[in-house]
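Asks: As input, take final_32.txt (compact mmCIF, C-alpha atoms):
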# COMPACT_ATOMS: atom_id res chain seq x y z
CA MET A 1 80.42 267.15 -49.97
CA LEU A 2 80.78 270.24 -47.82
CA LYS A 3 83.45 270.43 -45.09
CA LEU A 4 83.44 273.03 -42.30
CA LEU A 5 85.69 273.50 -39.27
CA ALA A 6 84.31 274.34 -35.84
CA PRO A 7 87.07 275.88 -33.68
CA ALA A 8 87.35 275.81 -29.91
CA LYS A 9 87.57 278.89 -27.70
CA ILE A 10 89.19 279.93 -24.45
CA ASN A 11 88.04 282.67 -22.07
CA LEU A 12 90.82 285.13 -21.34
CA CYS A 13 88.64 286.96 -18.85
CA LEU A 14 85.18 286.04 -17.57
CA GLU A 15 83.10 287.95 -15.05
CA VAL A 16 79.57 287.17 -13.88
CA ILE A 17 77.75 290.37 -12.97
CA GLY A 18 74.46 289.01 -11.68
CA ARG A 19 71.26 287.12 -12.38
CA ARG A 20 68.83 288.65 -14.86
CA SER A 21 65.06 288.79 -14.67
CA ASP A 22 64.83 286.28 -17.56
CA GLY A 23 66.72 283.65 -15.55
CA TYR A 24 70.01 284.03 -17.41
CA HIS A 25 73.14 285.57 -15.91
CA GLU A 26 74.70 288.81 -17.09
CA ILE A 27 78.35 288.30 -18.03
CA LYS A 28 81.30 290.12 -19.51
CA SER A 29 84.02 288.06 -21.12
CA ILE A 30 86.97 288.24 -23.50
CA ILE A 31 86.69 285.17 -25.73
CA GLN A 32 89.44 283.92 -28.05
CA THR A 33 89.26 281.26 -30.76
CA ILE A 34 92.05 278.69 -31.07
CA ASP A 35 92.88 276.35 -33.95
CA LEU A 36 91.86 273.17 -32.13
CA ALA A 37 88.74 272.32 -34.15
CA ASP A 38 86.07 269.76 -34.91
CA GLU A 39 85.35 268.92 -38.55
CA LEU A 40 81.83 268.61 -39.96
CA LEU A 41 81.14 266.89 -43.29
CA PHE A 42 77.76 267.50 -44.98
CA GLU A 43 76.26 265.46 -47.80
CA PRO A 44 72.79 265.60 -49.39
CA ALA A 45 70.43 262.82 -48.27
CA ASP A 46 66.73 262.01 -48.23
CA THR A 47 66.61 261.94 -44.44
CA LEU A 48 68.59 263.54 -41.62
CA SER A 49 71.45 261.44 -40.27
CA ILE A 50 74.03 262.82 -37.82
CA SER A 51 76.95 260.85 -36.36
CA ALA A 52 80.27 261.48 -34.62
CA ASP A 53 83.42 259.52 -33.85
CA ALA A 54 83.48 260.43 -30.14
CA PRO A 55 82.44 257.94 -27.43
CA GLY A 56 79.69 259.41 -25.28
CA TRP A 57 78.53 261.89 -27.93
CA ARG A 58 74.79 261.65 -28.52
CA ALA A 59 73.33 263.09 -31.70
CA GLU A 60 69.91 263.87 -30.26
CA GLN A 61 71.44 266.00 -27.49
CA SER A 62 73.88 267.89 -29.72
CA LEU A 63 73.39 271.40 -31.04
CA VAL A 64 74.00 270.00 -34.54
CA SER A 65 70.69 268.12 -34.34
CA LYS A 66 68.95 271.05 -32.68
CA ALA A 67 70.27 273.42 -35.37
CA ALA A 68 68.82 271.19 -38.09
CA ARG A 69 65.42 270.98 -36.42
CA LEU A 70 65.29 274.71 -35.75
CA LEU A 71 66.17 275.56 -39.36
CA GLN A 72 63.55 273.12 -40.61
CA GLU A 73 60.94 274.73 -38.36
CA ARG A 74 61.92 278.30 -39.32
CA THR A 75 62.11 277.70 -43.09
CA GLY A 76 59.68 274.83 -43.64
CA THR A 77 62.26 272.78 -45.55
CA SER A 78 61.90 269.00 -45.52
CA LEU A 79 65.33 268.29 -47.02
CA GLY A 80 67.66 265.83 -45.34
CA ALA A 81 71.40 265.55 -44.90
CA ARG A 82 74.10 263.17 -43.80
CA VAL A 83 76.41 264.87 -41.31
CA ARG A 84 79.58 263.25 -39.98
CA LEU A 85 81.39 264.94 -37.13
CA ALA A 86 85.08 264.37 -36.40
CA LYS A 87 85.39 265.41 -32.75
CA ARG A 88 88.71 266.88 -31.67
CA ILE A 89 87.43 269.25 -28.98
CA PRO A 90 86.83 267.31 -25.74
CA LEU A 91 83.22 266.91 -24.67
CA VAL A 92 81.90 269.08 -21.80
CA SER A 93 85.24 270.85 -21.46
CA GLY A 94 84.54 274.60 -21.32
CA LEU A 95 86.10 275.00 -24.78
CA GLY A 96 82.79 275.65 -26.57
CA GLY A 97 82.80 272.54 -28.76
CA ASP A 98 79.05 271.96 -28.91
CA SER A 99 78.32 275.66 -29.46
CA SER A 100 80.91 275.83 -32.23
CA ASP A 101 79.48 272.68 -33.82
CA GLY A 102 76.02 274.29 -33.65
CA ALA A 103 77.23 277.42 -35.43
CA ALA A 104 79.00 275.37 -38.11
CA ALA A 105 75.84 273.27 -38.52
CA LEU A 106 73.73 276.37 -39.14
CA LYS A 107 76.20 277.53 -41.80
CA GLY A 108 76.40 274.07 -43.36
CA PHE A 109 72.66 273.40 -43.54
CA ASN A 110 72.07 276.91 -44.89
CA ARG A 111 74.47 276.21 -47.76
CA LEU A 112 73.50 272.58 -48.36
CA TRP A 113 69.78 273.36 -48.42
CA HIS A 114 70.19 276.66 -50.33
CA LEU A 115 68.13 278.51 -47.72
CA GLY A 116 69.65 281.92 -48.48
CA LEU A 117 69.70 283.07 -44.87
CA SER A 118 72.06 285.92 -44.01
CA GLU A 119 74.74 285.67 -41.33
CA ALA A 120 72.61 287.98 -39.16
CA ASP A 121 69.69 285.56 -39.56
CA LEU A 122 71.87 282.61 -38.62
CA MET A 123 73.31 284.42 -35.59
CA GLU A 124 69.78 285.22 -34.38
CA ILE A 125 68.83 281.55 -34.72
CA GLY A 126 72.11 280.59 -33.05
CA ALA A 127 71.29 282.74 -30.01
CA ALA A 128 68.16 280.62 -29.58
CA LEU A 129 70.36 277.50 -29.54
CA GLY A 130 72.79 278.75 -26.90
CA SER A 131 74.45 281.87 -25.54
CA ASP A 132 77.90 280.99 -26.96
CA VAL A 133 76.74 280.10 -30.47
CA PRO A 134 76.74 283.64 -31.98
CA PHE A 135 80.42 284.08 -31.05
CA PHE A 136 81.41 281.30 -33.45
CA PHE A 137 80.15 283.32 -36.41
CA CYS A 138 82.91 285.87 -35.86
CA GLY A 139 85.68 284.32 -33.76
CA GLY A 140 89.02 285.99 -33.14
CA THR A 141 89.22 288.13 -30.02
CA VAL A 142 85.81 289.37 -28.90
CA LEU A 143 84.18 291.15 -25.97
CA ALA A 144 80.96 289.29 -25.10
CA GLU A 145 78.26 290.86 -22.95
CA GLY A 146 74.64 290.24 -21.99
CA ARG A 147 74.23 286.50 -21.64
CA GLY A 148 77.08 286.14 -24.16
CA GLU A 149 75.23 287.06 -27.34
CA LEU A 150 76.24 290.76 -27.50
CA LEU A 151 79.58 290.80 -29.30
CA ALA A 152 82.19 293.47 -30.05
CA PRO A 153 85.34 292.49 -32.00
CA LEU A 154 88.58 293.60 -30.37
CA ARG A 155 92.12 294.13 -31.52
CA PRO A 156 93.52 290.56 -31.80
CA TYR A 157 95.25 289.11 -28.78
CA PRO A 158 98.96 288.73 -29.67
CA GLY A 159 99.59 285.39 -31.40
CA SER A 160 100.27 282.77 -28.76
CA TRP A 161 100.42 279.04 -28.21
CA ALA A 162 97.87 277.56 -25.82
CA VAL A 163 98.59 274.41 -23.85
CA ILE A 164 95.28 272.88 -22.81
CA LEU A 165 94.80 270.23 -20.13
CA MET A 166 91.55 268.29 -19.91
CA PRO A 167 91.60 266.91 -16.35
CA PRO A 168 90.22 263.36 -16.05
CA LEU A 169 87.41 264.47 -13.76
CA ARG A 170 83.89 263.06 -13.58
CA VAL A 171 81.79 265.89 -14.98
CA GLU A 172 78.08 265.34 -14.60
CA GLY A 173 75.26 266.88 -16.64
CA GLY A 174 74.17 270.40 -15.86
CA LYS A 175 77.75 271.44 -15.12
CA THR A 176 77.31 275.11 -15.96
CA ALA A 177 74.06 275.42 -14.00
CA ARG A 178 75.73 273.83 -10.99
CA LEU A 179 78.64 276.26 -11.18
CA TYR A 180 76.28 279.23 -11.36
CA ALA A 181 74.37 277.84 -8.38
CA SER A 182 77.66 277.55 -6.44
CA LEU A 183 78.58 281.22 -6.86
CA ARG A 184 78.64 283.32 -3.72
CA PRO A 185 77.87 287.05 -3.49
CA GLU A 186 81.59 287.83 -3.37
CA ASP A 187 82.13 286.02 -6.69
CA PHE A 188 80.06 288.54 -8.64
CA SER A 189 81.72 291.67 -10.02
CA ASP A 190 80.88 294.75 -12.05
CA GLY A 191 82.68 293.82 -15.27
CA SER A 192 85.35 296.50 -14.89
CA LEU A 193 88.23 293.99 -15.05
CA THR A 194 86.99 292.70 -18.41
CA GLU A 195 86.55 296.26 -19.66
CA GLU A 196 90.11 297.11 -18.62
CA PHE A 197 91.40 293.96 -20.36
CA ALA A 198 89.58 295.04 -23.54
CA ARG A 199 90.95 298.58 -23.23
CA TRP A 200 94.54 297.33 -22.93
CA LEU A 201 94.06 295.16 -26.02
CA MET A 202 92.63 298.03 -28.05
CA GLU A 203 95.55 300.25 -27.02
CA GLY A 204 98.04 297.59 -28.12
CA ARG A 205 99.41 297.12 -24.62
CA ALA A 206 100.66 293.79 -23.24
CA VAL A 207 97.99 292.46 -20.89
CA PRO A 208 99.55 291.37 -17.57
CA PRO A 209 98.75 287.84 -16.29
CA GLU A 210 96.92 289.16 -13.23
CA MET A 211 94.21 290.57 -15.49
CA PHE A 212 93.24 287.07 -16.62
CA HIS A 213 90.25 286.06 -14.52
CA ASN A 214 87.44 283.50 -14.35
CA THR A 215 84.58 283.92 -11.89
CA PHE A 216 83.96 280.15 -11.88
CA GLU A 217 87.41 279.18 -10.62
CA ARG A 218 86.58 279.15 -6.90
CA ALA A 219 83.34 277.22 -7.51
CA ALA A 220 85.26 274.72 -9.66
CA PHE A 221 87.48 273.80 -6.70
CA GLU A 222 84.31 273.16 -4.72
CA LEU A 223 82.50 271.20 -7.44
CA TRP A 224 85.47 268.98 -8.39
CA PRO A 225 87.56 268.06 -5.31
CA ASP A 226 90.51 266.88 -7.43
CA PHE A 227 90.54 269.99 -9.61
CA GLY A 228 93.29 271.67 -7.58
CA ARG A 229 95.53 268.62 -7.88
CA TYR A 230 95.45 268.73 -11.66
CA ARG A 231 96.03 272.47 -11.69
CA TRP A 232 99.13 271.90 -9.57
CA ARG A 233 100.35 269.13 -11.91
CA PHE A 234 100.01 271.61 -14.80
CA ILE A 235 102.28 274.01 -12.92
CA GLU A 236 104.73 271.19 -12.16
CA ALA A 237 104.86 270.53 -15.91
CA GLY A 238 106.34 274.01 -16.34
CA ALA A 239 103.43 276.42 -16.69
CA THR A 240 103.80 279.64 -14.71
CA ARG A 241 100.16 280.72 -14.94
CA VAL A 242 97.22 278.35 -15.40
CA PHE A 243 93.68 279.51 -16.16
CA LEU A 244 90.22 277.94 -16.28
CA SER A 245 88.35 278.17 -19.59
CA GLY A 246 84.64 278.94 -19.45
CA ALA A 247 82.77 276.60 -17.13
CA GLY A 248 85.69 274.16 -17.28
CA PRO A 249 87.08 271.84 -16.37
CA SER A 250 89.69 272.53 -19.08
CA LEU A 251 92.74 274.48 -17.95
CA PHE A 252 95.11 276.39 -20.21
CA SER A 253 98.35 278.34 -20.25
CA LEU A 254 99.50 280.79 -22.93
CA HIS A 255 103.01 281.10 -24.38
CA THR A 256 104.73 283.18 -27.04
CA ASP A 257 107.53 280.59 -27.24
CA HIS A 258 106.46 277.53 -29.25
CA SER A 259 109.20 275.30 -27.85
CA GLU A 260 108.21 276.18 -24.29
CA ALA A 261 104.59 275.28 -25.03
CA GLU A 262 105.66 271.99 -26.66
CA ARG A 263 107.79 271.12 -23.63
CA ILE A 264 104.93 271.71 -21.18
CA ALA A 265 102.48 269.70 -23.31
CA ALA A 266 105.02 266.85 -23.50
CA ASN A 267 105.52 266.96 -19.71
CA LEU A 268 101.76 266.64 -19.22
CA GLU A 269 101.62 263.69 -21.61
CA GLU A 270 104.46 262.02 -19.70
CA GLN A 271 102.27 262.27 -16.60
CA GLY A 272 99.54 260.40 -18.48
CA LEU A 273 97.40 263.52 -18.82
CA LYS A 274 95.49 264.47 -21.96
CA SER A 275 96.81 267.73 -23.37
CA PHE A 276 96.41 269.73 -26.55
CA LEU A 277 98.66 272.29 -28.20
CA ALA A 278 96.84 274.97 -30.16
CA ARG A 279 97.45 278.45 -31.51
CA THR A 280 95.26 281.51 -31.09
CA ALA A 281 93.22 282.10 -34.24
CA GLY A 282 91.71 285.13 -35.93
CA HIS A 283 88.36 286.10 -37.37
CA LEU A 284 86.28 283.28 -38.89
CA GLU A 285 85.18 283.50 -42.51
Starting from the coordinates I provided, produce the structure as structure tokens.

Replies:
Amino acid sequence: MLKLLAPAKINLCLEVIGRRSDGYHEIKSIIQTIDLADELLFEPADTLSISADAPGWRAEQSLVSKAARLLQERTGTSLGARVRLAKRIPLVSGLGGDSSDGAAALKGFNRLWHLGLSEADLMEIGAALGSDVPFFFCGGTVLAEGRGELLAPLRPYPGSWAVILMPPLRVEGGKTARLYASLRPEDFSDGSLTEEFARWLMEGRAVPPEMFHNTFERAAFELWPDFGRYRWRFIEAGATRVFLSGAGPSLFSLHTDHSEAERIAANLEEQGLKSFLARTAGHLE
């Protein structure tokens, strides 16, 4: 049996620069892995069987299934596998769970089936699965550009505790596409804020809270009418600054003090809200 972890991510800074000729959007983002993670278990089998312990998760729509099919097509292998997925990252949350699972699946199938593909090969295949997938081959603190597949490792963000709130909002399919469609001309930027964030990190300077940014935040308030209420409840729980991760709707705050982070997470739980406490994590092996 082979066991692999698939960590979540948060976006410390995310700018959308514009729409590209290929239909994708050009972005610049500082992405950070955290130790909240799914667990994938791989076993040899005659056929392909993929399951998860999360209600609402559908194998045929997951990047785990798509990774298996793509590897089979690229390599011609007819081998099977039994994959069991322990989901800890909330579904459709902006924390990169499906993309991380897809990256872990590529690694796992490559090892289980003895395909001998290099990490560069797997990252290239991962980019075909989704824009965020290549990031989960490196992890840590990374500057992502292009549609998210162009990656440059950065000096690690100082070790911090992340309190994550998954608001109980009704999130329909096509969430990210709807957010992109909701962007206004004034939401787009030139990427200079992300570049400055990266520069401060590389110089070892403490990044001020006002440099944290997410282009999708205004559109999120429009797409989910109750979004602002949950953001306010996060602040009432004790968080000074609350940020949107990726295309949301997950919100997070960062803390150097573990006890402070624990207190805020407990306050959210007392309100009946689902929260997670995680730590920033470094480069993935």

Asks: I need the residue nearest Ser62 (chain A) from this list: A:Ala45, A:Ala8, A:Leu150, A:Ala105. Use all atoms listed in the file for the distance.

Replies: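 For Ser62 (chain A), the nearest of the given residues is A:Ala105.
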
Asks: Can you pull out the residues contacting Asp101 (chain A)? Cut-off 12 Å, using all atoms listed in the file, and skip same-chain residues under 2 positions away; I want them as a compact mmCIF listing (two decimals) with C-alpha atoms, keeping the file's coordinate frame.

Replies:
# COMPACT_ATOMS: atom_id res chain seq x y z
CA LEU A 4 83.44 273.03 -42.30
CA LEU A 5 85.69 273.50 -39.27
CA ALA A 6 84.31 274.34 -35.84
CA PRO A 7 87.07 275.88 -33.68
CA ALA A 8 87.35 275.81 -29.91
CA LYS A 9 87.57 278.89 -27.70
CA ALA A 37 88.74 272.32 -34.15
CA ASP A 38 86.07 269.76 -34.91
CA GLU A 39 85.35 268.92 -38.55
CA LEU A 40 81.83 268.61 -39.96
CA LEU A 41 81.14 266.89 -43.29
CA ILE A 50 74.03 262.82 -37.82
CA ALA A 52 80.27 261.48 -34.62
CA ALA A 59 73.33 263.09 -31.70
CA SER A 62 73.88 267.89 -29.72
CA LEU A 63 73.39 271.40 -31.04
CA VAL A 64 74.00 270.00 -34.54
CA SER A 65 70.69 268.12 -34.34
CA LYS A 66 68.95 271.05 -32.68
CA ALA A 67 70.27 273.42 -35.37
CA ALA A 68 68.82 271.19 -38.09
CA VAL A 83 76.41 264.87 -41.31
CA ARG A 84 79.58 263.25 -39.98
CA LEU A 85 81.39 264.94 -37.13
CA ALA A 86 85.08 264.37 -36.40
CA LYS A 87 85.39 265.41 -32.75
CA ARG A 88 88.71 266.88 -31.67
CA ILE A 89 87.43 269.25 -28.98
CA LEU A 91 83.22 266.91 -24.67
CA LEU A 95 86.10 275.00 -24.78
CA GLY A 96 82.79 275.65 -26.57
CA GLY A 97 82.80 272.54 -28.76
CA ASP A 98 79.05 271.96 -28.91
CA SER A 99 78.32 275.66 -29.46
CA ALA A 103 77.23 277.42 -35.43
CA ALA A 104 79.00 275.37 -38.11
CA ALA A 105 75.84 273.27 -38.52
CA LEU A 106 73.73 276.37 -39.14
CA LYS A 107 76.20 277.53 -41.80
CA GLY A 108 76.40 274.07 -43.36
CA PHE A 109 72.66 273.40 -43.54
CA GLY A 126 72.11 280.59 -33.05
CA LEU A 129 70.36 277.50 -29.54
CA GLY A 130 72.79 278.75 -26.90
CA ASP A 132 77.90 280.99 -26.96
CA VAL A 133 76.74 280.10 -30.47
CA PRO A 134 76.74 283.64 -31.98
CA PHE A 135 80.42 284.08 -31.05
CA PHE A 136 81.41 281.30 -33.45
CA PHE A 137 80.15 283.32 -36.41

Asks: Which residue out of A:Ser160, A:Ile17, A:Glu269, A:Gly173 has the minimum interatomic distance to Gln61 (chain A) when all atoms listed in the file are used?

Replies: A:Gly173

Asks: Fewer than 3 positions away in the same chain doesn't count, so skip those; otherwise give me all residues within 12 Å of region 188-194 of chain A, counting all atoms listed in the file, as a ChimeraX atom specification.

Replies: /A:11-19,25-31,142-146,180,182-185,197-201,207-208,210-216,218-219

Asks: So the first atom is CA of Gly148 (chain A) and the second is CA of Ser131 (chain A); what is the distance between them in Å, to one decimal place?

Replies: 5.2 Å

Asks: From (96.4, 279.1, -14.5), in the file's coordinates, out to 12 Å: which residues are reached, counting all atoms listed in the file? Answer as a ChimeraX atom specification.

Replies: /A:11-13,162-165,209-214,217,227-228,230-236,238-245,249-254

Asks: Have a look at A:Ala261, A:Leu71, A:Leu115, A:Leu273 and name the one nearest to Ala128 (chain A); count all atoms listed in the file.

Replies: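 The shortest atom-to-atom distance to Ala128 (chain A) comes from A:Leu71.
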
Asks: Using only C-alpha atoms, find the one residue out of A:Asp121, A:Asp187, A:Lys274, A:Ala237 that sits nearest to Leu169 (chain A).

Replies: A:Lys274

Asks: Excluding same-chain residues fewer than 5 positions from Lys175 (chain A), what lies within 10 Å of it counting all atoms listed in the file, as a short mmCIF file (atom, residue, chain, number, x, y, z; two decimals) with C-alpha atoms, keeping the file's coordinate frame?

Replies:
data_model
loop_
_atom_site.label_atom_id
_atom_site.label_comp_id
_atom_site.auth_asym_id
_atom_site.auth_seq_id
_atom_site.Cartn_x
_atom_site.Cartn_y
_atom_site.Cartn_z
CA VAL A 92 81.90 269.08 -21.80
CA SER A 93 85.24 270.85 -21.46
CA GLY A 94 84.54 274.60 -21.32
CA TYR A 180 76.28 279.23 -11.36
CA ALA A 181 74.37 277.84 -8.38
CA ALA A 220 85.26 274.72 -9.66
CA LEU A 223 82.50 271.20 -7.44
CA ALA A 247 82.77 276.60 -17.13
CA GLY A 248 85.69 274.16 -17.28
CA PRO A 249 87.08 271.84 -16.37
#

Asks: Distance CA of Thr75 (chain A)-CA of Glu124 (chain A), one decimal place?

Replies: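 CA of Glu124 (chain A) lies at a distance of 13.8 Å from CA of Thr75 (chain A).
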
Asks: One number please: CA of Leu48 (chain A) to CA of Glu119 (chain A), in Å, one decimal.

Replies: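 Computing the Euclidean distance for CA of Leu48 (chain A) and CA of Glu119 (chain A) yields 23.0 Å.
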
Asks: As a list in words, please: the residues near Gly80 (chain A) (cut-off 9 Å, all atoms listed in the file, same-chain neighbours under 4 positions excluded).

Replies: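 So, after excluding close chain neighbours, the residues are Glu43, Pro44, Ala45, Asp46, Thr47, Leu48, Ser49 and Trp113 of chain A.
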
Asks: I'd like to know which of A:Gly139, A:Leu179, A:Ile125, A:Gly102 is closest to Thr33 (chain A), using only C-alpha atoms.

Replies: A:Gly139

Asks: Using all atoms listed in the file, which protein or nucleic acid residues come within 10 Å of Gly159 (chain A)? Drop anything in the same chain fewer than 2 positions from it, and give the result as a tab-separated table (two decimals) with C-alpha atoms, keeping the file's coordinate frame.

Replies:
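Now in result_15.tsv:
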chain	number	residue	atom	x	y	z
A	156	PRO	CA	93.52	290.56	-31.80
A	157	TYR	CA	95.25	289.11	-28.78
A	161	TRP	CA	100.42	279.04	-28.21
A	162	ALA	CA	97.87	277.56	-25.82
A	254	LEU	CA	99.50	280.79	-22.93
A	255	HIS	CA	103.01	281.10	-24.38
A	256	THR	CA	104.73	283.18	-27.04
A	279	ARG	CA	97.45	278.45	-31.51
A	280	THR	CA	95.26	281.51	-31.09
A	281	ALA	CA	93.22	282.10	-34.24
A	282	GLY	CA	91.71	285.13	-35.93

Asks: Padding 6 Å on each side, edges along x, y and z: where is the centre of the box around the listed atoms of region 94-113 of chain A, and how long are its edges in Å to one decimal? Output it as AutoDock Vina command-line options.

Replies:
--center_x 77.9 --center_y 274.7 --center_z -34.9 --size_x 28.3 --size_y 17.6 --size_z 39.1

Asks: From the options A:Arg229, A:Pro168, A:Met123, A:Thr141, which residue's atoms come nearest to Gly272 (chain A), counting all atoms listed in the file?

Replies: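 Closest to Gly272 (chain A), using all atoms listed in the file: A:Pro168.
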
Asks: Residues within 8 Å of (103.3, 273.0, -26.9), file coordinates, counting all atoms listed in the file: what are they? Give the list as a ChimeraX atom specification.

Replies: /A:161-163,258-266,276-278
